[in-house]
file coords_13.cif (mmCIF, C-alpha atoms and all ligand atoms)
data_start
#
loop_
_atom_site.label_atom_id
_atom_site.label_comp_id
_atom_site.auth_asym_id
_atom_site.auth_seq_id
_atom_site.Cartn_x
_atom_site.Cartn_y
_atom_site.Cartn_z
CA MET A 1 -22.94 6.60 -42.02
CA ALA A 2 -19.88 5.13 -40.26
CA THR A 3 -17.50 3.09 -42.43
CA LYS A 4 -16.45 0.73 -39.66
CA ARG A 5 -17.49 -0.11 -36.13
CA ILE A 6 -14.94 -0.87 -33.39
CA GLY A 7 -15.14 -1.47 -29.64
CA ILE A 8 -13.08 -0.41 -26.65
CA LEU A 9 -12.99 -1.52 -23.02
CA THR A 10 -10.93 -0.96 -19.88
CA SER A 11 -10.13 -3.97 -17.72
CA GLY A 12 -8.37 -4.77 -14.43
CA GLY A 13 -7.48 -2.21 -11.76
CA ASP A 14 -8.12 1.40 -12.70
CA CYS A 15 -5.17 3.63 -13.41
CA PRO A 16 -4.62 7.33 -14.20
CA GLY A 17 -4.56 7.87 -17.97
CA LEU A 18 -7.32 5.42 -18.96
CA ASN A 19 -9.60 8.25 -20.01
CA ALA A 20 -6.81 9.81 -22.07
CA VAL A 21 -6.52 6.52 -24.02
CA ILE A 22 -10.29 6.33 -24.53
CA ARG A 23 -10.45 9.92 -25.73
CA GLY A 24 -7.43 9.46 -28.03
CA ALA A 25 -8.99 6.36 -29.60
CA VAL A 26 -12.41 7.99 -30.00
CA TYR A 27 -10.98 11.10 -31.67
CA ALA A 28 -8.75 9.02 -33.98
CA ALA A 29 -11.66 6.71 -34.88
CA SER A 30 -13.98 9.66 -35.55
CA LYS A 31 -11.37 11.15 -37.91
CA ARG A 32 -11.62 7.93 -39.94
CA ASN A 33 -15.40 8.12 -39.83
CA TRP A 34 -15.53 4.95 -37.69
CA GLU A 35 -18.06 4.36 -34.96
CA ILE A 36 -16.63 3.39 -31.59
CA ILE A 37 -18.52 1.56 -28.91
CA GLY A 38 -17.41 1.59 -25.28
CA PHE A 39 -18.18 -1.61 -23.37
CA THR A 40 -18.67 -1.02 -19.67
CA ASP A 41 -17.24 -2.85 -16.65
CA GLY A 42 -14.35 -4.43 -18.50
CA TYR A 43 -14.84 -7.68 -20.37
CA GLU A 44 -18.06 -8.25 -18.42
CA GLY A 45 -19.66 -5.71 -20.78
CA ILE A 46 -19.37 -8.09 -23.73
CA LEU A 47 -21.21 -10.87 -21.90
CA SER A 48 -24.89 -11.03 -21.07
CA PRO A 49 -26.33 -8.62 -20.08
CA VAL A 50 -24.30 -6.78 -22.72
CA ARG A 51 -23.47 -3.25 -21.62
CA TYR A 52 -22.16 -0.56 -23.94
CA ARG A 53 -22.61 2.94 -25.19
CA VAL A 54 -21.66 4.68 -28.39
CA LEU A 55 -18.78 7.08 -27.80
CA ASP A 56 -18.11 10.20 -29.80
CA GLU A 57 -16.07 13.37 -29.57
CA SER A 58 -18.69 15.22 -27.56
CA SER A 59 -19.09 12.44 -24.97
CA THR A 60 -15.33 12.12 -24.50
CA SER A 61 -14.41 15.78 -24.64
CA GLY A 62 -13.02 17.03 -21.31
CA ILE A 63 -12.13 13.59 -19.88
CA MET A 64 -8.40 13.43 -20.60
CA HIS A 65 -7.40 14.93 -17.25
CA LEU A 66 -9.75 12.75 -15.20
CA GLY A 67 -8.55 9.72 -13.23
CA GLY A 68 -10.41 6.39 -13.25
CA THR A 69 -12.29 5.27 -16.35
CA ILE A 70 -15.57 6.54 -17.73
CA LEU A 71 -16.28 2.97 -18.88
CA GLY A 72 -15.90 1.35 -15.49
CA THR A 73 -13.69 -1.68 -14.93
CA THR A 74 -13.32 -4.82 -12.88
CA ASN A 75 -10.61 -7.27 -11.94
CA ARG A 76 -13.19 -9.88 -11.04
CA GLY A 77 -15.78 -11.66 -13.13
CA ARG A 78 -16.08 -14.35 -15.75
CA PHE A 79 -13.00 -13.43 -17.77
CA VAL A 80 -10.45 -13.83 -15.02
CA ALA A 81 -7.44 -15.35 -16.78
CA LYS A 82 -4.90 -15.47 -14.01
CA LYS A 83 -4.29 -18.14 -11.44
CA MET A 84 -1.75 -17.81 -8.65
CA HIS A 85 1.50 -15.89 -9.06
CA GLY A 86 2.91 -16.48 -12.55
CA GLU A 87 0.35 -19.09 -13.61
CA LYS A 88 -2.28 -18.41 -16.23
CA ALA A 89 -5.63 -20.12 -16.55
CA LYS A 90 -7.43 -20.71 -19.84
CA LEU A 91 -10.78 -19.08 -20.45
CA ASP A 92 -13.93 -21.17 -20.47
CA PRO A 93 -14.72 -21.90 -24.19
CA SER A 94 -18.38 -21.00 -23.65
CA ILE A 95 -17.33 -17.52 -22.49
CA ILE A 96 -15.23 -17.03 -25.62
CA GLU A 97 -18.18 -18.15 -27.76
CA GLU A 98 -20.52 -15.73 -26.02
CA ALA A 99 -18.05 -12.86 -26.49
CA LYS A 100 -17.75 -13.71 -30.18
CA GLU A 101 -21.52 -13.71 -30.61
CA THR A 102 -21.85 -10.33 -28.89
CA LEU A 103 -19.17 -8.72 -31.02
CA GLU A 104 -20.37 -10.25 -34.28
CA GLY A 105 -23.95 -9.34 -33.44
CA LEU A 106 -22.94 -5.73 -32.96
CA GLY A 107 -20.80 -5.72 -36.10
CA ILE A 108 -17.60 -4.96 -34.15
CA GLU A 109 -14.60 -5.30 -36.48
CA GLY A 110 -11.90 -4.75 -33.88
CA LEU A 111 -11.73 -4.52 -30.09
CA ILE A 112 -9.27 -2.33 -28.20
CA CYS A 113 -8.52 -3.90 -24.80
CA ILE A 114 -6.81 -1.62 -22.29
CA GLY A 115 -5.34 -3.57 -19.42
CA GLY A 116 -2.39 -5.03 -17.56
CA ASP A 117 -0.87 -8.49 -17.57
CA GLY A 118 -4.07 -10.42 -16.75
CA SER A 119 -6.37 -8.40 -19.03
CA LEU A 120 -3.94 -8.59 -21.96
CA THR A 121 -3.68 -12.34 -21.44
CA THR A 122 -7.45 -12.40 -21.97
CA ALA A 123 -7.16 -10.14 -25.02
CA ASN A 124 -4.55 -12.44 -26.50
CA GLU A 125 -6.65 -15.53 -25.86
CA LEU A 126 -9.62 -13.86 -27.55
CA PHE A 127 -7.34 -13.05 -30.49
CA GLU A 128 -6.15 -16.66 -30.68
CA ASN A 129 -9.81 -17.65 -30.85
CA GLY A 130 -10.56 -15.43 -33.80
CA ILE A 131 -11.58 -12.15 -32.16
CA PRO A 132 -9.65 -9.18 -33.63
CA THR A 133 -8.17 -7.54 -30.52
CA ILE A 134 -5.50 -4.89 -29.97
CA GLY A 135 -3.86 -4.42 -26.55
CA VAL A 136 -2.97 -1.18 -24.78
CA PRO A 137 -0.59 -1.62 -21.82
CA LYS A 138 -1.93 -0.19 -18.57
CA THR A 139 -0.67 -0.56 -15.03
CA ILE A 140 0.71 1.62 -12.31
CA ASP A 141 3.09 -1.28 -11.52
CA ASN A 142 5.05 -0.82 -14.80
CA ASP A 143 5.66 -4.57 -14.85
CA LEU A 144 4.74 -5.34 -18.46
CA ARG A 145 7.31 -6.69 -20.86
CA ALA A 146 7.74 -5.36 -24.39
CA THR A 147 7.11 -1.74 -23.49
CA ALA A 148 9.56 0.60 -21.79
CA VAL A 149 6.75 2.10 -19.74
CA THR A 150 3.04 1.70 -19.10
CA PHE A 151 0.76 4.68 -18.62
CA GLY A 152 -0.30 5.24 -15.01
CA PHE A 153 3.15 4.53 -13.63
CA ASP A 154 4.28 8.14 -13.73
CA SER A 155 1.14 9.28 -11.89
CA ALA A 156 1.62 6.64 -9.19
CA VAL A 157 5.26 7.67 -8.76
CA ALA A 158 4.19 11.32 -8.51
CA CYS A 159 1.82 10.35 -5.71
CA VAL A 160 4.61 8.53 -3.85
CA VAL A 161 6.92 11.52 -4.23
CA ASP A 162 4.28 13.95 -2.99
CA SER A 163 3.66 11.70 0.02
CA LEU A 164 7.36 11.45 0.80
CA ASP A 165 7.69 15.23 0.62
CA ARG A 166 4.97 15.46 3.25
CA LEU A 167 6.41 12.71 5.42
CA HIS A 168 9.91 14.26 5.33
CA THR A 169 8.82 17.39 7.14
CA THR A 170 7.07 15.56 9.95
CA ALA A 171 9.90 12.97 10.19
CA ARG A 172 12.48 15.74 10.62
CA SER A 173 10.41 17.67 13.12
CA HIS A 174 9.94 14.61 15.35
CA LYS A 175 13.29 12.92 14.61
CA ARG A 176 11.38 9.83 13.52
CA VAL A 177 11.68 6.92 11.16
CA MET A 178 8.82 6.98 8.66
CA VAL A 179 8.01 3.83 6.70
CA LEU A 180 5.91 4.21 3.56
CA GLU A 181 4.47 1.05 1.96
CA VAL A 182 3.72 1.45 -1.74
CA MET A 183 2.04 -0.71 -4.40
CA GLY A 184 3.64 -2.55 -7.31
CA ARG A 185 2.69 -6.15 -6.66
CA TYR A 186 5.74 -8.39 -7.32
CA ALA A 187 7.73 -5.59 -8.98
CA GLY A 188 9.64 -2.80 -7.25
CA TRP A 189 9.38 -0.11 -9.93
CA ILE A 190 7.10 2.24 -8.00
CA ALA A 191 9.19 1.97 -4.83
CA LEU A 192 12.44 2.41 -6.76
CA HIS A 193 11.45 5.46 -8.79
CA GLY A 194 9.30 7.00 -6.06
CA GLY A 195 11.95 6.40 -3.42
CA LEU A 196 14.72 7.94 -5.48
CA ALA A 197 12.71 11.00 -6.49
CA GLY A 198 11.28 11.43 -3.00
CA GLY A 199 14.61 11.30 -1.19
CA ALA A 200 14.21 7.95 0.59
CA ASP A 201 17.14 6.68 2.67
CA ILE A 202 16.12 3.03 2.42
CA ILE A 203 14.22 1.32 -0.43
CA LEU A 204 13.05 -2.27 -0.10
CA ILE A 205 11.91 -4.04 -3.27
CA PRO A 206 10.88 -7.64 -4.03
CA GLU A 207 13.80 -8.16 -6.40
CA ILE A 208 16.40 -7.45 -3.68
CA PRO A 209 15.56 -9.47 -0.54
CA PHE A 210 16.55 -7.59 2.61
CA GLU A 211 17.82 -8.43 6.08
CA PHE A 212 16.05 -6.87 9.06
CA GLU A 213 19.36 -6.48 10.97
CA ALA A 214 20.83 -4.49 8.07
CA LEU A 215 18.05 -1.91 8.49
CA SER A 216 18.73 -1.18 12.16
CA LYS A 217 22.48 -1.15 11.55
CA PHE A 218 22.07 1.43 8.79
CA ILE A 219 19.70 3.61 10.84
CA ASP A 220 22.04 3.49 13.88
CA GLU A 221 24.96 4.51 11.66
CA ARG A 222 22.96 7.40 10.25
CA GLU A 223 22.22 8.52 13.80
CA THR A 224 25.91 8.55 14.73
CA HIS A 225 26.53 10.77 11.69
CA GLY A 226 23.86 13.22 12.79
CA SER A 227 20.88 12.13 10.66
CA THR A 228 18.09 11.94 13.18
CA SER A 229 15.28 11.00 10.82
CA THR A 230 15.08 8.24 8.21
CA MET A 231 12.68 7.67 5.33
CA VAL A 232 11.99 4.08 4.33
CA VAL A 233 10.03 3.13 1.20
CA VAL A 234 8.83 -0.47 1.16
CA ALA A 235 7.27 -2.10 -1.90
CA GLU A 236 4.25 -4.17 -0.90
CA GLY A 237 5.96 -7.22 -2.44
CA ALA A 238 9.28 -6.77 -0.60
CA CYS A 239 10.41 -9.79 1.38
CA PRO A 240 13.21 -10.59 3.77
CA LYS A 241 15.94 -13.05 2.78
CA ASP A 242 14.60 -16.53 3.53
CA GLY A 243 11.16 -15.00 4.00
CA THR A 244 8.11 -14.64 1.83
CA TYR A 245 5.56 -12.05 0.68
CA VAL A 246 3.24 -10.61 3.32
CA SER A 247 -0.44 -10.78 2.46
CA LYS A 248 -3.68 -10.72 4.36
CA SER A 249 -6.05 -12.34 1.88
CA MET A 250 -6.49 -13.83 -1.58
CA ASP A 251 -8.32 -12.24 -4.49
CA GLN A 252 -10.83 -13.96 -6.80
CA LYS A 253 -8.00 -15.19 -9.03
CA GLY A 254 -6.42 -17.02 -6.13
CA GLU A 255 -3.62 -14.48 -6.07
CA ALA A 256 -2.32 -13.01 -2.82
CA ARG A 257 -3.45 -9.49 -1.99
CA LEU A 258 -0.13 -8.06 -0.87
CA GLY A 259 0.24 -5.75 2.09
CA GLY A 260 1.55 -5.55 5.63
CA ILE A 261 5.31 -5.66 5.13
CA GLY A 262 5.61 -1.93 5.91
CA GLU A 263 4.09 -2.44 9.34
CA GLN A 264 6.44 -5.38 10.04
CA VAL A 265 9.47 -3.33 9.00
CA ALA A 266 8.36 -0.41 11.18
CA GLU A 267 7.84 -2.66 14.20
CA TYR A 268 11.27 -4.21 13.80
CA ILE A 269 12.96 -0.81 13.45
CA ALA A 270 11.18 0.59 16.51
CA ASP A 271 12.11 -2.43 18.63
CA SER A 272 15.70 -2.73 17.47
CA THR A 273 16.72 0.94 17.34
CA GLY A 274 14.43 2.41 19.97
CA LYS A 275 13.58 5.14 17.45
CA ASP A 276 10.10 6.57 17.33
CA THR A 277 8.76 4.95 14.13
CA ARG A 278 5.54 5.29 12.19
CA SER A 279 4.26 3.45 9.13
CA VAL A 280 1.87 4.60 6.41
CA VAL A 281 0.25 2.48 3.70
CA LEU A 282 -0.28 4.61 0.61
CA GLY A 283 -2.66 2.08 -0.98
CA HIS A 284 -5.20 3.11 -3.56
CA LEU A 285 -4.30 6.80 -3.34
CA GLN A 286 -1.61 5.83 -5.86
CA ARG A 287 -4.23 4.75 -8.37
CA GLY A 288 -6.58 7.67 -7.95
CA GLY A 289 -6.57 11.29 -8.98
CA ASN A 290 -5.64 13.07 -12.16
CA PRO A 291 -2.95 11.67 -14.47
CA THR A 292 0.33 13.54 -14.81
CA ALA A 293 1.10 15.40 -18.05
CA LEU A 294 3.28 12.48 -19.12
CA ASP A 295 0.44 9.96 -18.65
CA ARG A 296 -2.02 12.20 -20.49
CA ILE A 297 0.35 12.39 -23.44
CA LEU A 298 1.26 8.69 -23.34
CA GLY A 299 -2.40 7.71 -22.96
CA THR A 300 -3.44 9.85 -25.92
CA ARG A 301 -0.62 8.48 -28.07
CA PHE A 302 -1.53 4.91 -27.11
CA GLY A 303 -5.23 5.45 -27.93
CA VAL A 304 -4.45 6.92 -31.33
CA ALA A 305 -1.88 4.17 -32.05
CA ALA A 306 -4.40 1.45 -31.17
CA VAL A 307 -6.79 2.78 -33.82
CA ASP A 308 -3.91 2.93 -36.33
CA LEU A 309 -3.14 -0.73 -35.59
CA LEU A 310 -6.77 -1.68 -36.20
CA ALA A 311 -6.65 0.23 -39.49
CA GLU A 312 -3.56 -1.76 -40.49
CA GLY A 313 -5.26 -5.02 -39.46
CA LYS A 314 -2.47 -5.81 -36.98
CA TYR A 315 -4.71 -7.81 -34.67
CA GLY A 316 -3.04 -9.53 -31.75
CA SER A 317 -0.62 -6.61 -31.36
CA MET A 318 -0.04 -4.42 -28.36
CA VAL A 319 0.84 -0.76 -28.49
CA SER A 320 4.34 -0.34 -27.09
CA TYR A 321 6.61 2.55 -26.09
CA GLN A 322 10.31 2.24 -26.92
CA ASN A 323 12.98 4.92 -27.33
CA TYR A 324 10.45 7.78 -27.13
CA LEU A 325 8.41 6.29 -29.97
CA VAL A 326 5.08 4.46 -29.91
CA GLY A 327 5.19 1.26 -31.94
CA ASP A 328 3.75 -2.21 -31.59
CA VAL A 329 4.73 -5.72 -30.51
CA PRO A 330 2.91 -9.06 -30.55
CA MET A 331 0.69 -9.13 -27.46
CA ALA A 332 2.07 -12.59 -26.67
CA ASP A 333 5.52 -11.05 -26.08
CA ALA A 334 4.19 -8.72 -23.41
CA ILE A 335 2.42 -11.33 -21.32
CA ARG A 336 5.00 -14.10 -21.23
CA SER A 337 6.19 -13.05 -17.78
CA ILE A 338 6.19 -9.85 -15.78
CA ARG A 339 9.06 -7.38 -16.01
CA LEU A 340 11.00 -7.10 -12.78
CA VAL A 341 13.75 -4.75 -11.63
CA GLU A 342 17.14 -6.32 -12.35
CA PRO A 343 19.23 -6.00 -9.16
CA ASP A 344 21.98 -4.34 -11.21
CA ASN A 345 19.53 -1.97 -12.95
CA GLN A 346 21.12 1.45 -13.56
CA ILE A 347 18.61 3.17 -11.28
CA VAL A 348 19.47 0.74 -8.48
CA THR A 349 23.16 1.49 -8.90
CA THR A 350 22.44 5.22 -9.05
CA CYS A 351 20.51 4.92 -5.78
CA ARG A 352 23.40 3.09 -4.18
CA GLU A 353 25.83 5.80 -5.39
CA VAL A 354 23.79 8.47 -3.61
CA GLY A 355 23.71 6.47 -0.39
CA ILE A 356 20.32 4.80 -0.59
CA HIS A 357 20.33 1.45 1.19
CA PHE A 358 18.47 -1.64 -0.06
CA GLY A 359 18.71 -3.58 3.20
CA ASP A 360 20.82 -6.28 1.57
CA GLU A 361 24.28 -5.71 3.04
O1 LIG B 1 -1.81 -3.92 -10.27
C1 LIG B 1 -2.17 -2.69 -9.72
C2 LIG B 1 -2.38 -2.79 -8.24
O2 LIG B 1 -2.70 -1.50 -7.77
C3 LIG B 1 -1.21 -3.39 -7.47
O3 LIG B 1 -0.15 -2.49 -7.31
C4 LIG B 1 -1.90 -3.80 -6.20
O4 LIG B 1 -1.23 -4.85 -5.55
C5 LIG B 1 -3.25 -4.24 -6.69
O5 LIG B 1 -3.46 -3.63 -7.94
C6 LIG B 1 -4.39 -3.90 -5.78
O6 LIG B 1 -5.56 -4.44 -6.32
P1 LIG B 1 -7.02 -4.17 -5.76
O7 LIG B 1 -7.47 -2.85 -6.31
O8 LIG B 1 -7.81 -5.30 -6.27
O9 LIG B 1 -6.93 -4.12 -4.26
#
call {"tool": "encode", "arguments": {"input": "coords_13.cif", "output": "structure tokens"}}
result
Amino acid sequence: MATKRIGILTSGGDCPGLNAVIRGAVYAASKRNWEIIGFTDGYEGILSPVRYRVLDESSTSGIMHLGGTILGTTNRGRFVAKKMHGEKAKLDPSIIEEAKETLEGLGIEGLICIGGDGSLTTANELFENGIPTIGVPKTIDNDLRATAVTFGFDSAVACVVDSLDRLHTTARSHKRVMVLEVMGRYAGWIALHGGLAGGADIILIPEIPFEFEALSKFIDERETHGSTSTMVVVAEGACPKDGTYVSKSMDQKGEARLGGIGEQVAEYIADSTGKDTRSVVLGHLQRGGNPTALDRILGTRFGVAAVDLLAEGKYGSMVSYQNYLVGDVPMADAIRSIRLVEPDNQIVTTCREVGIHFGDE
């Protein structure tokens, strides 16, 4: 007979390492003789028709290395708590009531919500309305405050680096400019880390607006010094000085679906330098596949820590990683605003020292 019953769900975009968190939480809960219920399809699972399954060690054994989430997820639906860039919408009170009834009806004494900025905003609102939630920070974008890193980021960066390794060889063979557009929404972390590790010559990020002319000037200069190929990494949220984000559509939350800046940059470079130029959009490949060792470890630690926080009754907290240690912070601190790259960030200055151009001078 279990001594306590808790719930867990994954919400928002999927991300490598989600299954490691689920497995970590299930194993830690089982050790305490708690029962753990996995709600499916994100927060939708706690609304009618309620969808869940009981998780145990045997049903979560062998999932740590798998990408995606065994519970399913969604960034659409009735719990959407975001509205335009930077704005947050309040949840419908009837939705909160329904969630409460589901959880009370099932005897859930604590709910672990694994998600990014939007999903943790929901978790915090549920907490403020009397539902005992704990947050676990997830996003490949690494744009959450109050944690040094989110799980999934390292795997996305590894994917960027692998892609750049492949693009380098073809760029050199054909003496081309290769432009790689990567994800990250309004933050440049993936482009910055991926670009540095993958040997990019130019990195364009939202936090450092660029000038088109500076790109061709830099590429022409490289050419005169004998560098016949150039690798450009462009964050999907990068924008030119006096310009704006490039997007093709809006999502359900009314937020722009970013994408297309890589193609614009490639076209400009081809026209202005006469260099053979190609662009590639890495897209959802960055979110798929197996998590790196680091994300498996971080995910497991986060899952275990979330159960510890429930045991301590620290509802409304989010698991956080600081100085190589997993601790906790109030969820409200993490969702106040997204974490952007400071233009004088040490990694930016390191990039500049090794000759990487940000298109800003
Ligand atoms: O937040 C993660 C992320 O992958 C962003 O980097 C990207 O802009 C967005 O989600 C894509 O969302 P969707 O899967 O809805 O296209």
call {"tool": "residues_near_point", "arguments": {"input": "coords_13.cif", "point": "(-6.4, -1.7, -15.9)", "cutoff": "9 Å", "atoms": "all atoms listed in the file", "output": "list in words"}}
result
Thr10, Ser11, Gly12, Gly13, Asp14, Cys15, Leu18, Gly42, Thr73, Thr74, Asn75, Ile114, Gly115, Gly116, Asp117, Ser119, Pro137, Lys138, Thr139 and Ile140 of chain A
call {"tool": "closest_atom_pairs", "arguments": {"input": "coords_13.cif", "of": "range 329-352 of chain A", "to": "range 143-149 of chain A", "cutoff": "6 Å", "atoms": "all atoms listed in the file", "output": "tab-separated table"}}
result
residue	atom	partner	partner_atom	distance
A:Ala334	CA	A:Arg145	CA	4.5
A:Ile338	CA	A:Asp143	CA	5.4
A:Arg339	CA	A:Asp143	CA	4.6
call {"tool": "closest_residue", "arguments": {"input": "coords_13.cif", "among": "A:Ile203, A:Cys113, A:Ala158, A:Ile8", "to": "Met318 in chain A", "atoms": "only C-alpha atoms"}}
result
A:Cys113
call {"tool": "residues_around", "arguments": {"input": "coords_13.cif", "residues": "range 301-314 of chain A", "least_positions_apart": "3", "cutoff": "10 Å", "atoms": "all atoms listed in the file", "output": "ChimeraX atom specification"}}
result
/A:4,6,8,18-29,32,34,109-114,132-138,150-151,295-298,317-321,325-330
call {"tool": "axis_aligned_box", "arguments": {"input": "coords_13.cif", "around": "ligand LIG 1 (chain B)", "padding_each_side": "8 Å", "output": "JSON"}}
result
{"center_x": -4.0, "center_y": -3.4, "center_z": -7.3, "size_x": 23.7, "size_y": 19.8, "size_z": 22.0}
call {"tool": "closest_residue", "arguments": {"input": "coords_13.cif", "among": "A:Ser247, A:Ser272, A:Ser61, A:Ser279", "to": "ligand LIG 1 (chain B)", "atoms": "all atoms listed in the file"}}
result
A:Ser247
call {"tool": "residues_around", "arguments": {"input": "coords_13.cif", "residues": "Glu98 in chain A", "least_positions_apart": "6", "cutoff": "12 Å", "atoms": "all atoms listed in the file", "output": "PDB file with C-alpha atoms, in the coordinates of the input"}}
result
ATOM      1  CA  TYR A  43     -14.840  -7.680 -20.370  1.00  0.00           C
ATOM      2  CA  GLU A  44     -18.060  -8.250 -18.420  1.00  0.00           C
ATOM      3  CA  GLY A  45     -19.660  -5.710 -20.780  1.00  0.00           C
ATOM      4  CA  ILE A  46     -19.370  -8.090 -23.730  1.00  0.00           C
ATOM      5  CA  LEU A  47     -21.210 -10.870 -21.900  1.00  0.00           C
ATOM      6  CA  SER A  48     -24.890 -11.030 -21.070  1.00  0.00           C
ATOM      7  CA  PRO A  49     -26.330  -8.620 -20.080  1.00  0.00           C
ATOM      8  CA  VAL A  50     -24.300  -6.780 -22.720  1.00  0.00           C
ATOM      9  CA  ARG A  78     -16.080 -14.350 -15.750  1.00  0.00           C
ATOM     10  CA  PHE A  79     -13.000 -13.430 -17.770  1.00  0.00           C
ATOM     11  CA  LEU A  91     -10.780 -19.080 -20.450  1.00  0.00           C
ATOM     12  CA  ASP A  92     -13.930 -21.170 -20.470  1.00  0.00           C
ATOM     13  CA  GLU A 104     -20.370 -10.250 -34.280  1.00  0.00           C
ATOM     14  CA  GLY A 105     -23.950  -9.340 -33.440  1.00  0.00           C
ATOM     15  CA  LEU A 126      -9.620 -13.860 -27.550  1.00  0.00           C
ATOM     16  CA  ASN A 129      -9.810 -17.650 -30.850  1.00  0.00           C
ATOM     17  CA  ILE A 131     -11.580 -12.150 -32.160  1.00  0.00           C
TER      18      ILE A 131
END
call {"tool": "residues_around", "arguments": {"input": "coords_13.cif", "residues": "Asp56 in chain A", "least_positions_apart": "2", "cutoff": "8 Å", "atoms": "all atoms listed in the file", "output": "list in words"}}
result
Val26, Tyr27, Ser30, Glu35, Ile36, Val54, Ser58, Ser59 and Thr60 of chain A
call {"tool": "residues_around", "arguments": {"input": "coords_13.cif", "residues": "Glu236 in chain A", "least_positions_apart": "6", "cutoff": "7 Å", "atoms": "all atoms listed in the file", "output": "list in words"}}
result
Glu181, Val182, Met183, Gly184, Arg185, Leu258, Gly259 and Ile261 of chain A
call {"tool": "residues_around", "arguments": {"input": "coords_13.cif", "residues": "Ile37 in chain A", "least_positions_apart": "3", "cutoff": "6 Å", "atoms": "only C-alpha atoms", "output": "PyMOL selection string"}}
result
chain A and resi 7+53-55
call {"tool": "closest_residue", "arguments": {"input": "coords_13.cif", "among": "A:Gly316, A:Gly254, A:Gly359, A:Pro93", "to": "ligand LIG 1 (chain B)", "atoms": "all atoms listed in the file"}}
result
A:Gly254
call {"tool": "decode", "arguments": {"input": "coords_13.cif", "residues": "range 184-188 of chain A", "atoms": "all heavy atoms", "output": "compact mmCIF listing (two decimals), in the first residue's frame"}}
result
# COMPACT_ATOMS: atom_id res chain seq x y z
N GLY A 184 16.05 28.53 -30.64
CA GLY A 184 16.42 29.30 -29.46
C GLY A 184 15.44 30.39 -29.13
O GLY A 184 15.58 31.11 -28.14
N ARG A 185 14.46 30.56 -30.01
CA ARG A 185 13.44 31.60 -29.85
C ARG A 185 14.11 32.96 -29.69
O ARG A 185 14.92 33.32 -30.52
CB ARG A 185 12.55 31.28 -28.65
CG ARG A 185 11.07 31.38 -29.03
CD ARG A 185 10.20 31.12 -27.84
NE ARG A 185 9.88 29.74 -27.69
CZ ARG A 185 8.81 29.16 -28.21
NH1 ARG A 185 7.97 29.85 -28.93
NH2 ARG A 185 8.56 27.89 -28.00
N TYR A 186 13.84 33.73 -28.63
CA TYR A 186 14.38 35.09 -28.52
C TYR A 186 15.76 35.11 -27.86
O TYR A 186 16.30 36.18 -27.62
CB TYR A 186 13.40 35.97 -27.76
CG TYR A 186 12.06 36.04 -28.44
CD1 TYR A 186 10.97 35.31 -27.97
CD2 TYR A 186 11.89 36.79 -29.61
CE1 TYR A 186 9.74 35.34 -28.61
CE2 TYR A 186 10.67 36.82 -30.26
CZ TYR A 186 9.60 36.10 -29.76
OH TYR A 186 8.40 36.13 -30.41
N ALA A 187 16.30 33.94 -27.56
CA ALA A 187 17.61 33.87 -26.90
C ALA A 187 18.63 33.22 -27.84
O ALA A 187 18.31 32.33 -28.61
CB ALA A 187 17.50 33.07 -25.60
N GLY A 188 19.89 33.66 -27.72
CA GLY A 188 20.92 33.19 -28.64
C GLY A 188 21.82 32.11 -28.08
O GLY A 188 22.88 31.81 -28.64
